[in-house]
Amino acid sequence: MSNPTLDSERVQVRLTTMADADQLAARAFRGAEYDFSQLMGLPQALMSRPDRHGVRLLIAPTVALPDAALDAILSWRLGQYLLTRFYDAEVVAGQAMVREDASAVHAADVHGLAIDKEGGLLTYMTLKQPEGLEGHLYGSPDRPALPCEEVHGRNWQVSIVNAADIPAEQCWEAARFVTDQRRRDDPLIHRGALEIGLAAARLACRPAFSNRVRLVTGDLDPEIALRNLRYFFIPVATFAPHHVSLPGGHPLRPRYSDHPTAPFLANVADMDWATFVRWADIDLALNSGEEETYVRFLLLRQFVSVKESSLKLPNQPKEESLYPVDALTSPSSLGASDALWRSATTGAIPWQALTLGPGEPLPRDRVCWIVEGFAQALTFRAEGLAHLAGIGPEVCFVPQESMAASIASLDAATPLRVLTTTREDFETFWRQRQSLFETSSEKLYGMTEIVSAART
């Protein structure tokens, strides 16, 4: 039975803590006042992109940034994490922190900034490494720990394959991906997140960086970050989310005690043509006006990646399933496709195997799992029809009734083999498959928050 007096005291303590966090964040933001637009065109920048619909992008290593800019970034990061309640306000106040500790930032760390027209930060992310990784392999037990490993340990890596012999200096941690919490309802904030996420992903896959970035690690919230990665067709090896108790006095204690998180590892080599075409479709959406961008991002949710990470050793099924083991446990959908095709042609599963020629329509009222070939989806524009999405192996079309009228056509562009089924039967299969790879989330199709908030 609850104690009304004690409950009231707890509420008052929580309200006081929240107020303190907001005041500390305001103090940090005063130290974050800086015109980041003056950094555009830095000679040592890895990328500097001019304005597109109100967002400029800069990706640069620490050594390229002026001290004042780095101090402002660290103050901005502290302010944002106080507003998200990831930082312990009492610890921040006790240590008189006005910015994050600069000693955790290394010269080779990379900073991604989405900047508005006034020079303020919309979104920030970083790729970072500890010192001393050179000469070690990723699987070396005595190499320096990456930040996420300091929180989650390394026992989760017993289920990782194909990574142990990769040089440790080719592994980077993605961290501090945060949007300006003071403007959460501003569509520009969410556009900034999409822009910098796309730019960073593309940069990591360029030939110039192929020997610098092979693995990306970190930790994530499955109901937000995992679904967003899935939307970008980036498969990651991850694990069941859990709460972590950090030592008392650790400033990030609330982030891990109050929110379930899971470590992840991504293999840049898993990015294939399906991923790159998806990024082109996302780029096309971002290049459109605000209303069209919103519509395109909603429609793209119907095209989903069915590929899992090549780094994850899946769990084996413990229960009887209608579906063959190969379809459930093959990381690539190519192996899963072969198993599903055989089962569909024999009538063992409630899926239909179809062979189509160029120009023939795919059934838009059923889930379409591409086995072989290429299809194109078109949508409506005022001047006529326009490209929406290209889909092929590793990609599945999952129709959503509320969006059906916005897709003008979905036709085979090449000779095509496709599996079709109902959405219910597809989701039954997909949830079984995701549970074995531990990539399940409550919602399957991702990006709900970002896409919804992007509407003007």
# chains A, B, ... in the order shown; residues from 1 in each chain; ligands from 1

$ residues_around --residues "Cys205 in chain A" --least-positions-apart "5" --cutoff "9 Å" --atoms "only C-alpha atoms" --output "mmCIF file with C-alpha atoms, in the first residue's frame"
data_model
loop_
_atom_site.group_PDB
_atom_site.id
_atom_site.type_symbol
_atom_site.label_atom_id
_atom_site.label_comp_id
_atom_site.auth_asym_id
_atom_site.auth_seq_id
_atom_site.Cartn_x
_atom_site.Cartn_y
_atom_site.Cartn_z
ATOM 1 C CA ALA A 200 28.338 10.037 -42.150
ATOM 2 C CA SER A 210 38.013 1.768 -46.598
ATOM 3 C CA VAL A 213 36.607 2.308 -40.979
ATOM 4 C CA ARG A 214 35.606 -1.359 -41.092
ATOM 5 C CA VAL A 268 30.849 -1.695 -43.214
ATOM 6 C CA ALA A 269 31.192 -4.625 -45.638
ATOM 7 C CA MET A 271 26.574 -2.262 -46.853
#

$ select_by_dssp --residues "range 124-370 of chain A" --states "strand (DSSP E or B)" --output "number ranges by chain"
A: 124-128, 137, 160, 167, 171-179, 215-220, 237-238, 242, 261-267, 303-305, 312, 352-356, 361, 367-370

$ residues_around --residues "Ser332 in chain A" --least-positions-apart "3" --cutoff "8 Å" --atoms "only C-alpha atoms" --output "list of chain:residue names"
A:Val306, A:Lys307, A:Glu308, A:Ser309, A:Ser310, A:Gly335, A:Ala336, A:Glu394

$ closest_residue --among "A:Arg381, A:Arg30, A:His111, A:Arg202" --to "Ile234 in chain A" --atoms "only C-alpha atoms"
A:Arg202

$ residues_around --residues "Asp165 in chain A" --least-positions-apart "4" --cutoff "10 Å" --atoms "only C-alpha atoms" --output "list in words"
His136, Leu137, Tyr138, Gly139, Ser140 and Val161 of chain A

$ closest_residue --among "A:Gln129, A:Gln80, A:Ser337, A:Asn211" --to "Asp22 in chain A" --atoms "only C-alpha atoms"
A:Gln80

$ residues_around --residues "Val236 in chain A" --least-positions-apart "6" --cutoff "10 Å" --atoms "only C-alpha atoms" --output "MDAnalysis selection string"
chainID A and resid 216:217 226 229:230 263:268 270 307:312 437 439

$ write_last_selection --atoms "N, CA and C atoms" --output "PDB file, in the first residue's frame"
ATOM      1  N   VAL A 216      31.903  -0.440 -36.829  1.00  0.00           N
ATOM      2  CA  VAL A 216      31.357   0.664 -36.034  1.00  0.00           C
ATOM      3  C   VAL A 216      30.587   0.044 -34.876  1.00  0.00           C
ATOM      4  N   THR A 217      30.883   0.492 -33.662  1.00  0.00           N
ATOM      5  CA  THR A 217      30.244  -0.055 -32.475  1.00  0.00           C
ATOM      6  C   THR A 217      29.593   1.064 -31.668  1.00  0.00           C
ATOM      7  N   LEU A 226      17.736   1.441 -33.017  1.00  0.00           N
ATOM      8  CA  LEU A 226      17.755   0.239 -33.840  1.00  0.00           C
ATOM      9  C   LEU A 226      16.792   0.368 -35.014  1.00  0.00           C
ATOM     10  N   LEU A 229      18.319   2.709 -37.597  1.00  0.00           N
ATOM     11  CA  LEU A 229      19.345   2.030 -38.390  1.00  0.00           C
ATOM     12  C   LEU A 229      18.701   1.111 -39.424  1.00  0.00           C
ATOM     13  N   ARG A 230      17.651   0.424 -39.010  1.00  0.00           N
ATOM     14  CA  ARG A 230      16.941  -0.455 -39.933  1.00  0.00           C
ATOM     15  C   ARG A 230      16.352   0.350 -41.091  1.00  0.00           C
ATOM     16  N   PRO A 263      24.573  -3.155 -26.543  1.00  0.00           N
ATOM     17  CA  PRO A 263      25.717  -2.873 -27.409  1.00  0.00           C
ATOM     18  C   PRO A 263      25.414  -3.349 -28.823  1.00  0.00           C
ATOM     19  N   PHE A 264      26.096  -2.750 -29.802  1.00  0.00           N
ATOM     20  CA  PHE A 264      25.940  -3.194 -31.184  1.00  0.00           C
ATOM     21  C   PHE A 264      27.278  -3.131 -31.900  1.00  0.00           C
ATOM     22  N   LEU A 265      27.363  -3.854 -33.006  1.00  0.00           N
ATOM     23  CA  LEU A 265      28.538  -3.827 -33.860  1.00  0.00           C
ATOM     24  C   LEU A 265      28.056  -3.935 -35.301  1.00  0.00           C
ATOM     25  N   ALA A 266      28.543  -3.020 -36.149  1.00  0.00           N
ATOM     26  CA  ALA A 266      28.170  -3.004 -37.566  1.00  0.00           C
ATOM     27  C   ALA A 266      29.401  -3.233 -38.426  1.00  0.00           C
ATOM     28  N   ASN A 267      29.216  -3.943 -39.504  1.00  0.00           N
ATOM     29  CA  ASN A 267      30.279  -4.255 -40.455  1.00  0.00           C
ATOM     30  C   ASN A 267      30.063  -3.420 -41.709  1.00  0.00           C
ATOM     31  N   VAL A 268      31.000  -2.539 -42.031  1.00  0.00           N
ATOM     32  CA  VAL A 268      30.849  -1.695 -43.214  1.00  0.00           C
ATOM     33  C   VAL A 268      30.697  -2.547 -44.473  1.00  0.00           C
ATOM     34  N   ASP A 270      28.912  -5.024 -44.838  1.00  0.00           N
ATOM     35  CA  ASP A 270      27.517  -5.428 -44.993  1.00  0.00           C
ATOM     36  C   ASP A 270      26.710  -4.430 -45.819  1.00  0.00           C
ATOM     37  N   LYS A 307      17.769  -8.033 -44.301  1.00  0.00           N
ATOM     38  CA  LYS A 307      19.118  -8.556 -44.096  1.00  0.00           C
ATOM     39  C   LYS A 307      19.543  -8.347 -42.649  1.00  0.00           C
ATOM     40  N   GLU A 308      20.203  -9.328 -42.073  1.00  0.00           N
ATOM     41  CA  GLU A 308      20.772  -9.207 -40.736  1.00  0.00           C
ATOM     42  C   GLU A 308      22.290  -9.108 -40.860  1.00  0.00           C
ATOM     43  N   SER A 309      22.939  -8.767 -39.764  1.00  0.00           N
ATOM     44  CA  SER A 309      24.382  -8.566 -39.770  1.00  0.00           C
ATOM     45  C   SER A 309      25.140  -9.879 -39.970  1.00  0.00           C
ATOM     46  N   SER A 310      26.189  -9.816 -40.792  1.00  0.00           N
ATOM     47  CA  SER A 310      27.059 -10.976 -40.994  1.00  0.00           C
ATOM     48  C   SER A 310      27.928 -11.250 -39.769  1.00  0.00           C
ATOM     49  N   LEU A 311      27.909 -10.338 -38.794  1.00  0.00           N
ATOM     50  CA  LEU A 311      28.746 -10.472 -37.605  1.00  0.00           C
ATOM     51  C   LEU A 311      28.075 -11.253 -36.481  1.00  0.00           C
ATOM     52  N   LYS A 312      26.769 -11.440 -36.596  1.00  0.00           N
ATOM     53  CA  LYS A 312      26.024 -12.025 -35.472  1.00  0.00           C
ATOM     54  C   LYS A 312      25.789 -13.512 -35.673  1.00  0.00           C
ATOM     55  N   PHE A 437      18.063 -13.279 -34.004  1.00  0.00           N
ATOM     56  CA  PHE A 437      19.188 -12.345 -34.151  1.00  0.00           C
ATOM     57  C   PHE A 437      19.162 -11.252 -33.079  1.00  0.00           C
ATOM     58  N   THR A 439      17.224  -8.735 -32.784  1.00  0.00           N
ATOM     59  CA  THR A 439      17.014  -7.403 -33.351  1.00  0.00           C
ATOM     60  C   THR A 439      15.541  -7.023 -33.309  1.00  0.00           C
TER      61      THR A 439
END
